[in-house]
$ cat start-v1.cif   # mmCIF, C-alpha atoms
data_final
#
loop_
_atom_site.label_atom_id
_atom_site.label_comp_id
_atom_site.auth_asym_id
_atom_site.auth_seq_id
_atom_site.Cartn_x
_atom_site.Cartn_y
_atom_site.Cartn_z
CA MET A 1 -28.57 -3.14 -35.27
CA GLN A 2 -26.99 -2.70 -31.91
CA GLY A 3 -23.33 -1.82 -32.07
CA TYR A 4 -23.27 -1.06 -35.81
CA SER A 5 -24.38 1.70 -38.09
CA PHE A 6 -24.73 2.15 -41.80
CA GLU A 7 -24.48 5.41 -43.65
CA VAL A 8 -26.32 5.70 -46.95
CA VAL A 9 -26.47 8.57 -49.40
CA VAL A 10 -29.78 8.37 -51.27
CA THR A 11 -31.50 10.35 -53.99
CA ALA A 12 -34.16 12.67 -52.65
CA THR A 13 -35.68 14.36 -55.66
CA LYS A 14 -39.37 15.08 -56.03
CA ALA A 15 -41.49 12.13 -57.13
CA SER A 16 -38.58 9.80 -57.76
CA THR A 17 -37.69 6.43 -56.32
CA VAL A 18 -35.37 6.68 -53.35
CA PHE A 19 -32.19 5.03 -54.58
CA PRO A 20 -29.01 4.43 -52.55
CA LEU A 21 -25.99 5.98 -54.25
CA LEU A 22 -23.20 5.47 -51.71
CA ALA A 23 -22.99 3.41 -48.54
CA SER A 24 -20.68 2.36 -45.74
CA ALA A 25 -20.99 0.39 -42.52
CA ASP A 26 -19.12 0.98 -39.30
CA ARG A 27 -19.34 0.70 -35.54
CA ALA A 28 -22.17 2.69 -33.96
CA SER A 29 -19.57 4.92 -32.28
CA ALA A 30 -18.20 6.20 -35.63
CA LYS A 31 -18.58 9.97 -36.01
CA GLU A 32 -20.61 11.00 -39.04
CA THR A 33 -18.48 14.10 -39.52
CA ARG A 34 -15.52 11.79 -40.20
CA THR A 35 -17.20 8.97 -42.13
CA PHE A 36 -18.96 11.23 -44.60
CA VAL A 37 -15.82 13.09 -45.71
CA GLU A 38 -14.71 10.26 -48.02
CA LYS A 39 -18.12 10.18 -49.71
CA ILE A 40 -18.15 13.85 -50.74
CA GLY A 41 -15.80 13.31 -53.67
CA ALA A 42 -17.93 10.40 -54.90
CA LEU A 43 -21.20 12.35 -55.00
CA PRO A 44 -22.67 12.53 -58.51
CA GLU A 45 -21.97 15.82 -60.30
CA SER A 46 -25.72 16.38 -60.55
CA THR A 47 -25.97 16.69 -56.75
CA LYS A 48 -27.18 20.17 -55.89
CA HIS A 49 -28.17 19.76 -52.24
CA VAL A 50 -26.82 17.59 -49.45
CA ALA A 51 -29.37 17.32 -46.63
CA ALA A 52 -28.11 15.69 -43.46
CA ASP A 53 -29.22 15.40 -39.85
CA SER A 54 -27.55 17.34 -37.05
CA GLY A 55 -24.96 14.60 -36.47
CA TYR A 56 -23.26 15.90 -39.64
CA ASP A 57 -23.08 19.51 -38.48
CA SER A 58 -19.50 20.48 -39.22
CA ASN A 59 -17.88 23.51 -40.78
CA ALA A 60 -15.38 21.20 -42.48
CA LEU A 61 -18.14 19.19 -44.19
CA GLY A 62 -19.98 22.35 -45.22
CA GLU A 63 -16.80 23.82 -46.65
CA GLN A 64 -15.90 20.65 -48.54
CA ILE A 65 -19.39 20.30 -50.01
CA GLU A 66 -19.87 23.94 -51.00
CA TRP A 67 -16.36 25.14 -51.88
CA THR A 68 -13.42 23.92 -53.97
CA GLU A 69 -9.86 23.98 -52.70
CA GLN A 70 -9.34 27.06 -54.88
CA GLY A 71 -12.10 28.92 -52.98
CA ARG A 72 -14.76 28.68 -55.71
CA ARG A 73 -18.34 27.58 -55.14
CA THR A 74 -19.12 24.01 -56.19
CA GLY A 75 -22.78 24.79 -56.92
CA ARG A 76 -23.89 22.56 -54.05
CA ARG A 77 -25.59 23.55 -50.82
CA PHE A 78 -25.25 21.81 -47.46
CA LEU A 79 -28.46 21.72 -45.43
CA CYS A 80 -28.02 20.56 -41.87
CA PRO A 81 -29.56 21.60 -38.54
CA GLU A 82 -26.92 23.11 -36.34
CA ASN A 83 -25.73 21.70 -33.06
CA LYS A 84 -25.36 24.31 -30.37
CA ARG A 85 -21.85 25.68 -30.25
CA GLY A 86 -20.20 26.26 -26.90
CA THR A 87 -17.51 28.73 -26.01
CA LYS A 88 -14.72 26.23 -26.61
CA GLN A 89 -11.74 27.32 -28.62
CA PRO A 90 -11.33 25.83 -32.12
CA HIS A 91 -9.70 22.38 -32.15
CA GLU A 92 -7.31 23.40 -34.88
CA LYS A 93 -4.55 25.45 -33.27
CA ASN A 94 -3.31 26.92 -36.53
CA ILE A 95 -6.51 28.76 -37.38
CA GLN A 96 -5.85 32.44 -37.70
CA PRO A 97 -8.52 34.92 -36.53
CA ARG A 98 -9.12 35.87 -40.18
CA ASP A 99 -9.72 32.21 -41.12
CA GLU A 100 -12.13 31.83 -38.22
CA SER A 101 -14.20 34.85 -39.31
CA HIS A 102 -14.16 33.49 -42.87
CA ARG A 103 -15.53 30.16 -41.63
CA ARG A 104 -18.08 31.93 -39.45
CA ARG A 105 -19.33 33.97 -42.42
CA ARG A 106 -19.75 30.84 -44.53
CA ARG A 107 -21.53 29.09 -41.63
CA LEU A 108 -23.92 32.04 -41.37
CA GLU A 109 -24.59 31.76 -45.12
CA ARG A 110 -25.43 28.06 -44.69
CA ARG A 111 -27.70 28.85 -41.73
CA LYS A 112 -29.49 31.55 -43.72
CA PHE A 113 -30.11 29.20 -46.66
CA TYR A 114 -31.22 26.36 -44.35
CA GLN A 115 -33.73 28.68 -42.65
CA SER A 116 -35.05 30.16 -45.91
CA PRO A 117 -38.38 28.90 -47.32
CA ARG A 118 -36.54 27.14 -50.16
CA GLY A 119 -34.04 25.56 -47.78
CA LYS A 120 -36.83 24.34 -45.50
CA THR A 121 -38.69 22.83 -48.44
CA ILE A 122 -35.59 20.99 -49.65
CA TYR A 123 -34.71 19.77 -46.15
CA GLN A 124 -38.25 18.52 -45.51
CA ARG A 125 -37.76 16.03 -48.33
CA ARG A 126 -35.55 14.03 -45.95
CA SER A 127 -38.61 13.06 -43.92
CA GLN A 128 -40.20 11.67 -47.09
CA THR A 129 -37.09 9.97 -48.48
CA VAL A 130 -34.18 9.27 -46.13
CA GLU A 131 -36.03 8.42 -42.94
CA PRO A 132 -38.58 6.10 -44.61
CA PHE A 133 -35.77 4.49 -46.62
CA ASN A 134 -33.84 3.58 -43.48
CA GLU A 135 -36.89 1.97 -41.86
CA TRP A 136 -37.93 0.25 -45.09
CA PHE A 137 -34.42 -1.10 -45.71
CA LYS A 138 -34.03 -2.41 -42.15
CA SER A 139 -37.39 -4.17 -42.24
CA LEU A 140 -36.84 -5.56 -45.74
CA PHE A 141 -33.59 -7.25 -44.74
CA GLU A 142 -34.58 -7.93 -41.11
CA LEU A 143 -32.02 -5.56 -39.63
CA THR A 144 -34.33 -3.73 -37.24
CA ASP A 145 -33.21 -5.38 -34.00
CA ARG A 146 -29.98 -7.20 -34.72
CA VAL A 147 -27.41 -8.03 -37.33
CA TRP A 148 -26.54 -11.47 -38.61
CA HIS A 149 -23.01 -11.99 -37.27
CA ARG A 150 -20.56 -10.85 -34.62
CA GLY A 151 -17.83 -8.34 -35.38
CA LEU A 152 -17.58 -5.41 -37.76
CA GLN A 153 -15.59 -7.33 -40.39
CA ASN A 154 -18.39 -9.89 -40.62
CA ASN A 155 -21.27 -7.42 -40.64
CA GLN A 156 -19.78 -4.82 -42.97
CA PRO A 157 -19.98 -7.05 -46.07
CA GLN A 158 -23.46 -8.25 -45.08
CA LEU A 159 -24.82 -4.70 -44.67
CA LEU A 160 -23.23 -3.48 -47.88
CA ALA A 161 -24.37 -6.59 -49.77
CA ALA A 162 -27.92 -5.84 -48.57
CA ILE A 163 -27.62 -2.29 -49.98
CA PHE A 164 -26.34 -3.71 -53.27
CA ALA A 165 -29.18 -6.25 -53.37
CA TYR A 166 -31.66 -3.44 -52.76
CA GLN A 167 -30.16 -1.47 -55.66
CA LEU A 168 -30.51 -4.50 -57.95
CA LEU A 169 -34.10 -5.11 -56.83
CA VAL A 170 -35.07 -1.48 -57.45
CA ARG A 171 -33.53 -1.58 -60.93
CA TYR A 172 -35.31 -4.86 -61.71
CA ASN A 173 -38.57 -3.44 -60.39
CA HIS A 174 -38.14 -0.39 -62.61
CA ARG A 175 -37.50 -2.56 -65.68
CA ARG A 176 -40.70 -4.43 -64.89
CA GLY A 177 -42.54 -1.10 -65.32
CA LYS A 178 -43.06 -0.27 -61.66
CA LYS A 179 -42.11 3.30 -60.82
CA ASN A 180 -41.59 2.93 -57.07
CA GLY A 181 -39.06 1.28 -54.81
CA GLN A 182 -41.48 -1.25 -53.30
CA VAL A 183 -39.55 -4.45 -53.91
CA ARG A 184 -40.79 -6.78 -51.17
CA TRP A 185 -42.84 -8.66 -53.75
CA ILE A 186 -39.62 -9.75 -55.47
CA LEU A 187 -38.10 -11.05 -52.24
CA ASP A 188 -41.34 -12.81 -51.33
CA MET A 189 -41.26 -14.65 -54.66
CA MET A 190 -37.68 -15.88 -54.13
#
$ encode --input "start-v1.cif" --output "structure tokens"
Amino acid sequence: MQGYSFEVVVTATKASTVFPLLASADRASAKETRTFVEKIGALPESTKHVAADSGYDSNALGEQIEWTEQGRRTGRRFLCPENKRGTKQPHEKNIQPRDESHRRRRRLERRKFYQSPRGKTIYQRRSQTVEPFNEWFKSLFELTDRVWHRGLQNNQPQLLAAIFAYQLLVRYNHRRGKKNGQVRWILDMM
């Protein structure tokens, strides 16, 4: 899908069907740390862990996922490999030294959890859920090499409609008594 990207939040629990919960489509140049912010509020309440790749490494995302505006824990953990930090000054000019140490402490807490045996186990689920889902979805709807149309406004509805169709197919498959997300057989019959 040259020039475009899609961002999908999927379930990643043990022994369950990988199911897309939230999705968006954008230009390939869109920054994940900005596009994911609007999805945080829409995460199901039952979400306990948010595992993301290093493109999502951001103190702001970690804070928003793990803490309320009142400074209370949400009960969620953000698991994300860190990008190397340089010696650049913070982008936000109004950050007080105290705020910066507060953020640093919370970042260290996230790092410690991510590197713990439990954190590693939870994060490893991504390789069994998210990564295979992306490849499976692209091949199922023939999105591996190219998209169907030109322009973001034409491809956005197509990509999101494909996600919606996948959700419907998985639900139909489940109602037919199949406990996995393998739905190619339904498309082949159409």
$ residues_around --input "start-v1.cif" --residues "A:Val170" --least-positions-apart "6" --cutoff "12 Å" --atoms "all atoms listed in the file" --output "MDAnalysis selection string"
chainID A and resid 16:20 137 163:164 176:187
$ closest_atom_pairs --input "start-v1.cif" --of "stretch 107-183 of chain A" --to "stretch 36-55 of chain A" --cutoff "9 Å" --atoms "only C-alpha atoms" --output "Markdown table"
| residue | atom | partner | partner_atom | distance |
| --- | --- | --- | --- | --- |
| A:Ile122 | CA | A:Ala51 | CA | 7.8 |
| A:Tyr123 | CA | A:Ala51 | CA | 5.9 |
| A:Arg125 | CA | A:Ala51 | CA | 8.7 |
| A:Arg126 | CA | A:Ala51 | CA | 7.0 |
$ atom_distance --input "start-v1.cif" --atom1 "atom CA of A:Glu32" --atom2 "atom CA of A:Phe113"
21.9 Å
$ atom_distance --input "start-v1.cif" --atom1 "atom CA of A:Val10" --atom2 "atom CA of A:Arg27"
20.4 Å
$ residues_around --input "start-v1.cif" --residues "A:Ser24" --least-positions-apart "6" --cutoff "10 Å" --atoms "all atoms listed in the file" --output "ChimeraX atom specification"
/A:5-9,35-36,39,156-157,159-160,163
$ atom_distance --input "start-v1.cif" --atom1 "atom CA of A:Ser58" --atom2 "atom CA of A:Thr33"
6.5 Å
$ residues_near_point --input "start-v1.cif" --point "(-13.4, 20.4, -49.1)" --cutoff "12 Å" --atoms "all atoms listed in the file" --output "list in words"
Phe36, Val37, Glu38, Lys39, Ile40, Gly41, Ser58, Asn59, Ala60, Leu61, Gly62, Glu63, Gln64, Ile65, Glu66, Trp67, Thr68, Glu69, Gln70, Gly71, Arg72, Arg73, Thr74 and Arg76 of chain A
$ resolve_selection --input "start-v1.cif" --expression "the PyMOL selection byres ((chain A and resi 109) around 12)" --output "tab-separated table (two decimals) with C-alpha atoms, in the frame of the given file"
chain	number	residue	atom	x	y	z
A	59	ASN	CA	-17.88	23.51	-40.78
A	62	GLY	CA	-19.98	22.35	-45.22
A	63	GLU	CA	-16.80	23.82	-46.65
A	66	GLU	CA	-19.87	23.94	-51.00
A	77	ARG	CA	-25.59	23.55	-50.82
A	78	PHE	CA	-25.25	21.81	-47.46
A	79	LEU	CA	-28.46	21.72	-45.43
A	102	HIS	CA	-14.16	33.49	-42.87
A	103	ARG	CA	-15.53	30.16	-41.63
A	104	ARG	CA	-18.08	31.93	-39.45
A	105	ARG	CA	-19.33	33.97	-42.42
A	106	ARG	CA	-19.75	30.84	-44.53
A	107	ARG	CA	-21.53	29.09	-41.63
A	108	LEU	CA	-23.92	32.04	-41.37
A	110	ARG	CA	-25.43	28.06	-44.69
A	111	ARG	CA	-27.70	28.85	-41.73
A	112	LYS	CA	-29.49	31.55	-43.72
A	113	PHE	CA	-30.11	29.20	-46.66
A	114	TYR	CA	-31.22	26.36	-44.35
A	115	GLN	CA	-33.73	28.68	-42.65
A	116	SER	CA	-35.05	30.16	-45.91
A	119	GLY	CA	-34.04	25.56	-47.78
$ axis_aligned_box --input "start-v1.cif" --around "stretch 60-70 of chain A" --padding-each-side "5 Å" --output "lines of an AutoDock Vina configuration file"
center_x = -14.7
center_y = 23.1
center_z = -48.7
size_x = 20.6
size_y = 17.9
size_z = 22.4
$ closest_residue --input "start-v1.cif" --among "A:Gln124, A:Ser139, A:Thr129, A:Ser29" --to "A:Cys80" --atoms "all atoms listed in the file"
A:Gln124
$ closest_residue --input "start-v1.cif" --among "A:Leu152, A:Ala15, A:Leu143, A:Leu21" --to "A:Leu168" --atoms "all atoms listed in the file"
A:Leu21
$ closest_residue --input "start-v1.cif" --among "A:His174, A:Tyr56, A:Arg34, A:Asp26" --to "A:Gln153" --atoms "all atoms listed in the file"
A:Asp26
